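**Student:** This structure is in structure tokens; I'll ask about it shortly.
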Amino acid sequence: FYDRSDPLYESVLALLKELGYDGISSRGGIELPEVAQEIDKNGLRLFTVYLGINIDPDQPAYGKELTDAVEIMKGSNGILWLFFTSKKYKPSDPAGDERAVGIIREIADMAAQSDVRVALYPHYGFWVERVEDAIRIVKKVDRRNVGVTFNLCHWLRVDDEKNMKPL
């Protein structure tokens, strides 16, 4: 939930509360502070924030939107859902692991100080495309507040349903 230009924006939040939802997710970005205030005003909790990380060595890994999200979620035990992009590395390419691990450790340490967790979000067509990629990287990161998100839609794009139970 993040589109403040939607004419139903405020009524949707009230409806979610009325229907018994405890909270919602949002995307990081310039509107996150205002969105978070509206979520709070409606008695809801911001559970997760979805943000992109760039692992290309010649590009900034992340921007102010990530540090803003950590600050907004401070003390919430919320989760940063991180997806990973790269023009240099193809999806699932372990050659990008070293750079990604360093970035994730930096984010994890910052997030831990604010009681925020980090989850790698496997996304079809992105550098971390498969759940196995995320698990491989999380093991290398070796931080207590870093885990993996499982998104059925993206997983089904890259795997077969018969492999779900072992995963």
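The chains in the structure tokens are called A, B, ... from first to last as shown; in each chain the residues are counted from 1, and the ligands are counted from 1 in the order shown.
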Could you tell me, as a ChimeraX atom specification, which residues of region 46-165 of chain A DSSP assigns to strand (DSSP E) when given the backbone?
**Tutor:** /A:46-54,79-85,117-120,146-148
**Student:** Taking into account only C-alpha atoms, which residue in the set A:Val146, A:Val158, A:Leu51, A:Val12 is nearest to Val118 (chain A)?
**Tutor:**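 Under the stated criterion, the closest residue is A:Val146.
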**Student:** Within region 63-114 of chain A, find each residue whose DSSP state, derived from the backbone, is alpha helix (DSSP H), and express the selection as a PyMOL selection string.
**Tutor:** chain A and resi 64-72+97-112
**Student:** Considering only C-alpha atoms, return as number ranges by chain whatever protein or nucleic-acid residues lie within 9 Å of Leu13 (chain A), sequence-local ones (same chain, fewer than 5 positions apart) excluded.
**Tutor:** A: 8, 18, 38-39, 42, 44
**Student:** For the residues in the current selection, export C-alpha atoms as a PDB file, in the first residue's frame.
**Tutor:**
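File produced: part.pdb:
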ATOM      1  CA  LEU A   8      -9.668   5.731  -2.072  1.00  0.00           C
ATOM      2  CA  GLU A  18     -12.844  -2.003  10.283  1.00  0.00           C
ATOM      3  CA  GLU A  38      -1.617   7.580   7.837  1.00  0.00           C
ATOM      4  CA  ILE A  39      -1.236   3.909   8.718  1.00  0.00           C
ATOM      5  CA  ASN A  42      -5.772   4.568  11.427  1.00  0.00           C
ATOM      6  CA  LEU A  44      -2.764  -0.073  11.878  1.00  0.00           C
TER       7      LEU A  44
END
**Student:** Between CA of Tyr121 (chain A) and CA of Gly23 (chain A), what distance in Å does the model show, to one decimal?
**Tutor:**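 Between these atoms lies a distance of 19.5 Å.
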**Student:** Which residues, written as an mmCIF file with N, CA and C atoms, in the first residue's frame, have at least one atom at most 12 Å from Gln37 (chain A), with only C-alpha atoms counted and residues fewer than 5 positions away on the same chain left out?
**Tutor:**
data_model
loop_
_atom_site.group_PDB
_atom_site.id
_atom_site.type_symbol
_atom_site.label_atom_id
_atom_site.label_comp_id
_atom_site.auth_asym_id
_atom_site.auth_seq_id
_atom_site.Cartn_x
_atom_site.Cartn_y
_atom_site.Cartn_z
ATOM 1 N N TYR A 2 0.735 2.091 -0.970
ATOM 2 C CA TYR A 2 1.628 3.243 -1.061
ATOM 3 C C TYR A 2 1.139 4.374 -1.941
ATOM 4 N N ARG A 4 -0.678 7.360 -2.499
ATOM 5 C CA ARG A 4 -1.450 8.425 -1.862
ATOM 6 C C ARG A 4 -2.295 9.198 -2.862
ATOM 7 N N GLU A 10 -7.391 7.044 1.788
ATOM 8 C CA GLU A 10 -7.740 7.139 3.206
ATOM 9 C C GLU A 10 -8.875 6.193 3.573
ATOM 10 N N LEU A 13 -7.623 2.537 4.194
ATOM 11 C CA LEU A 13 -7.025 2.304 5.504
ATOM 12 C C LEU A 13 -8.096 2.116 6.579
ATOM 13 N N GLU A 31 7.352 8.805 -0.348
ATOM 14 C CA GLU A 31 6.082 8.987 0.346
ATOM 15 C C GLU A 31 5.966 8.144 1.615
ATOM 16 N N LEU A 32 6.943 7.300 1.911
ATOM 17 C CA LEU A 32 6.820 6.398 3.056
ATOM 18 C C LEU A 32 6.559 7.125 4.374
ATOM 19 N N ASN A 42 -4.640 5.469 11.546
ATOM 20 C CA ASN A 42 -5.772 4.568 11.427
ATOM 21 C C ASN A 42 -5.669 3.358 12.350
ATOM 22 N N GLY A 43 -4.686 3.386 13.245
ATOM 23 C CA GLY A 43 -4.554 2.302 14.220
ATOM 24 C C GLY A 43 -4.042 1.006 13.633
ATOM 25 N N LEU A 44 -3.340 1.107 12.522
ATOM 26 C CA LEU A 44 -2.764 -0.073 11.878
ATOM 27 C C LEU A 44 -1.260 -0.082 12.097
ATOM 28 N N ARG A 45 -0.662 -1.225 11.816
ATOM 29 C CA ARG A 45 0.784 -1.376 11.964
ATOM 30 C C ARG A 45 1.425 -1.546 10.591
ATOM 31 N N LEU A 46 2.592 -0.969 10.420
ATOM 32 C CA LEU A 46 3.377 -1.145 9.198
ATOM 33 C C LEU A 46 4.271 -2.359 9.416
ATOM 34 N N ILE A 72 11.672 4.853 10.439
ATOM 35 C CA ILE A 72 10.213 4.808 10.584
ATOM 36 C C ILE A 72 9.773 3.544 11.302
ATOM 37 N N MET A 73 10.461 2.430 11.043
ATOM 38 C CA MET A 73 10.081 1.149 11.627
ATOM 39 C C MET A 73 10.754 0.881 12.982
#
**Student:** Looking at A:Phe47, A:Tyr62, A:Trp81, A:Tyr9, which one is nearest to Val148 (chain A), with distances taken over only C-alpha atoms?
**Tutor:**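 Among A:Phe47, A:Tyr62, A:Trp81, A:Tyr9, it is A:Trp81 that comes nearest to Val148 (chain A).
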**Student:** Would you mind listing what lies within 12 Å of Glu71 (chain A) as an NGL selection string, with only C-alpha atoms counted and same-chain residues fewer than 2 positions away left out?
**Tutor:** :A and (28 or 32-33 or 36 or 49 or 64-69 or 73-78 or 80 or 110-116)
**Student:** Give me the residues within 12 Å of region 160-164 of chain A as a ChimeraX atom specification, counting only C-alpha atoms and dropping any in the same chain fewer than 4 places off.
**Tutor:** /A:130-132,150-156
**Student:** Keeping N, CA, C and O atoms for every residue in the selection just given, could you write it to a file as a PDB file, in the first residue's frame?
**Tutor:**
ATOM      1  N   ARG A 130      15.661 -16.953  -6.978  1.00  0.00           N
ATOM      2  CA  ARG A 130      15.186 -18.213  -6.422  1.00  0.00           C
ATOM      3  C   ARG A 130      15.338 -18.217  -4.900  1.00  0.00           C
ATOM      4  O   ARG A 130      16.226 -17.576  -4.353  1.00  0.00           O
ATOM      5  N   VAL A 131      14.470 -18.960  -4.242  1.00  0.00           N
ATOM      6  CA  VAL A 131      14.575 -19.102  -2.787  1.00  0.00           C
ATOM      7  C   VAL A 131      15.948 -19.662  -2.423  1.00  0.00           C
ATOM      8  O   VAL A 131      16.575 -19.227  -1.457  1.00  0.00           O
ATOM      9  N   GLU A 132      16.446 -20.588  -3.222  1.00  0.00           N
ATOM     10  CA  GLU A 132      17.766 -21.163  -2.958  1.00  0.00           C
ATOM     11  C   GLU A 132      18.865 -20.101  -3.003  1.00  0.00           C
ATOM     12  O   GLU A 132      19.836 -20.180  -2.245  1.00  0.00           O
ATOM     13  N   PHE A 150       9.306 -16.026   1.302  1.00  0.00           N
ATOM     14  CA  PHE A 150       8.829 -16.957   0.282  1.00  0.00           C
ATOM     15  C   PHE A 150       7.593 -16.354  -0.359  1.00  0.00           C
ATOM     16  O   PHE A 150       6.574 -16.159   0.302  1.00  0.00           O
ATOM     17  N   ASN A 151       7.674 -16.034  -1.640  1.00  0.00           N
ATOM     18  CA  ASN A 151       6.538 -15.507  -2.391  1.00  0.00           C
ATOM     19  C   ASN A 151       6.135 -16.570  -3.404  1.00  0.00           C
ATOM     20  O   ASN A 151       6.881 -16.882  -4.329  1.00  0.00           O
ATOM     21  N   LEU A 152       4.960 -17.139  -3.218  1.00  0.00           N
ATOM     22  CA  LEU A 152       4.512 -18.245  -4.049  1.00  0.00           C
ATOM     23  C   LEU A 152       4.478 -17.878  -5.531  1.00  0.00           C
ATOM     24  O   LEU A 152       4.903 -18.666  -6.382  1.00  0.00           O
ATOM     25  N   CYS A 153       4.007 -16.698  -5.851  1.00  0.00           N
ATOM     26  CA  CYS A 153       3.909 -16.280  -7.249  1.00  0.00           C
ATOM     27  C   CYS A 153       5.275 -16.290  -7.938  1.00  0.00           C
ATOM     28  O   CYS A 153       5.433 -16.861  -9.019  1.00  0.00           O
ATOM     29  N   HIS A 154       6.267 -15.653  -7.305  1.00  0.00           N
ATOM     30  CA  HIS A 154       7.603 -15.609  -7.915  1.00  0.00           C
ATOM     31  C   HIS A 154       8.250 -16.992  -7.919  1.00  0.00           C
ATOM     32  O   HIS A 154       8.954 -17.347  -8.862  1.00  0.00           O
ATOM     33  N   TRP A 155       8.008 -17.756  -6.880  1.00  0.00           N
ATOM     34  CA  TRP A 155       8.592 -19.102  -6.802  1.00  0.00           C
ATOM     35  C   TRP A 155       8.055 -19.983  -7.929  1.00  0.00           C
ATOM     36  O   TRP A 155       8.811 -20.712  -8.576  1.00  0.00           O
ATOM     37  N   LEU A 156       6.751 -19.918  -8.174  1.00  0.00           N
ATOM     38  CA  LEU A 156       6.160 -20.748  -9.229  1.00  0.00           C
ATOM     39  C   LEU A 156       6.676 -20.373 -10.622  1.00  0.00           C
ATOM     40  O   LEU A 156       6.642 -21.201 -11.528  1.00  0.00           O
TER      41      LEU A 156
END
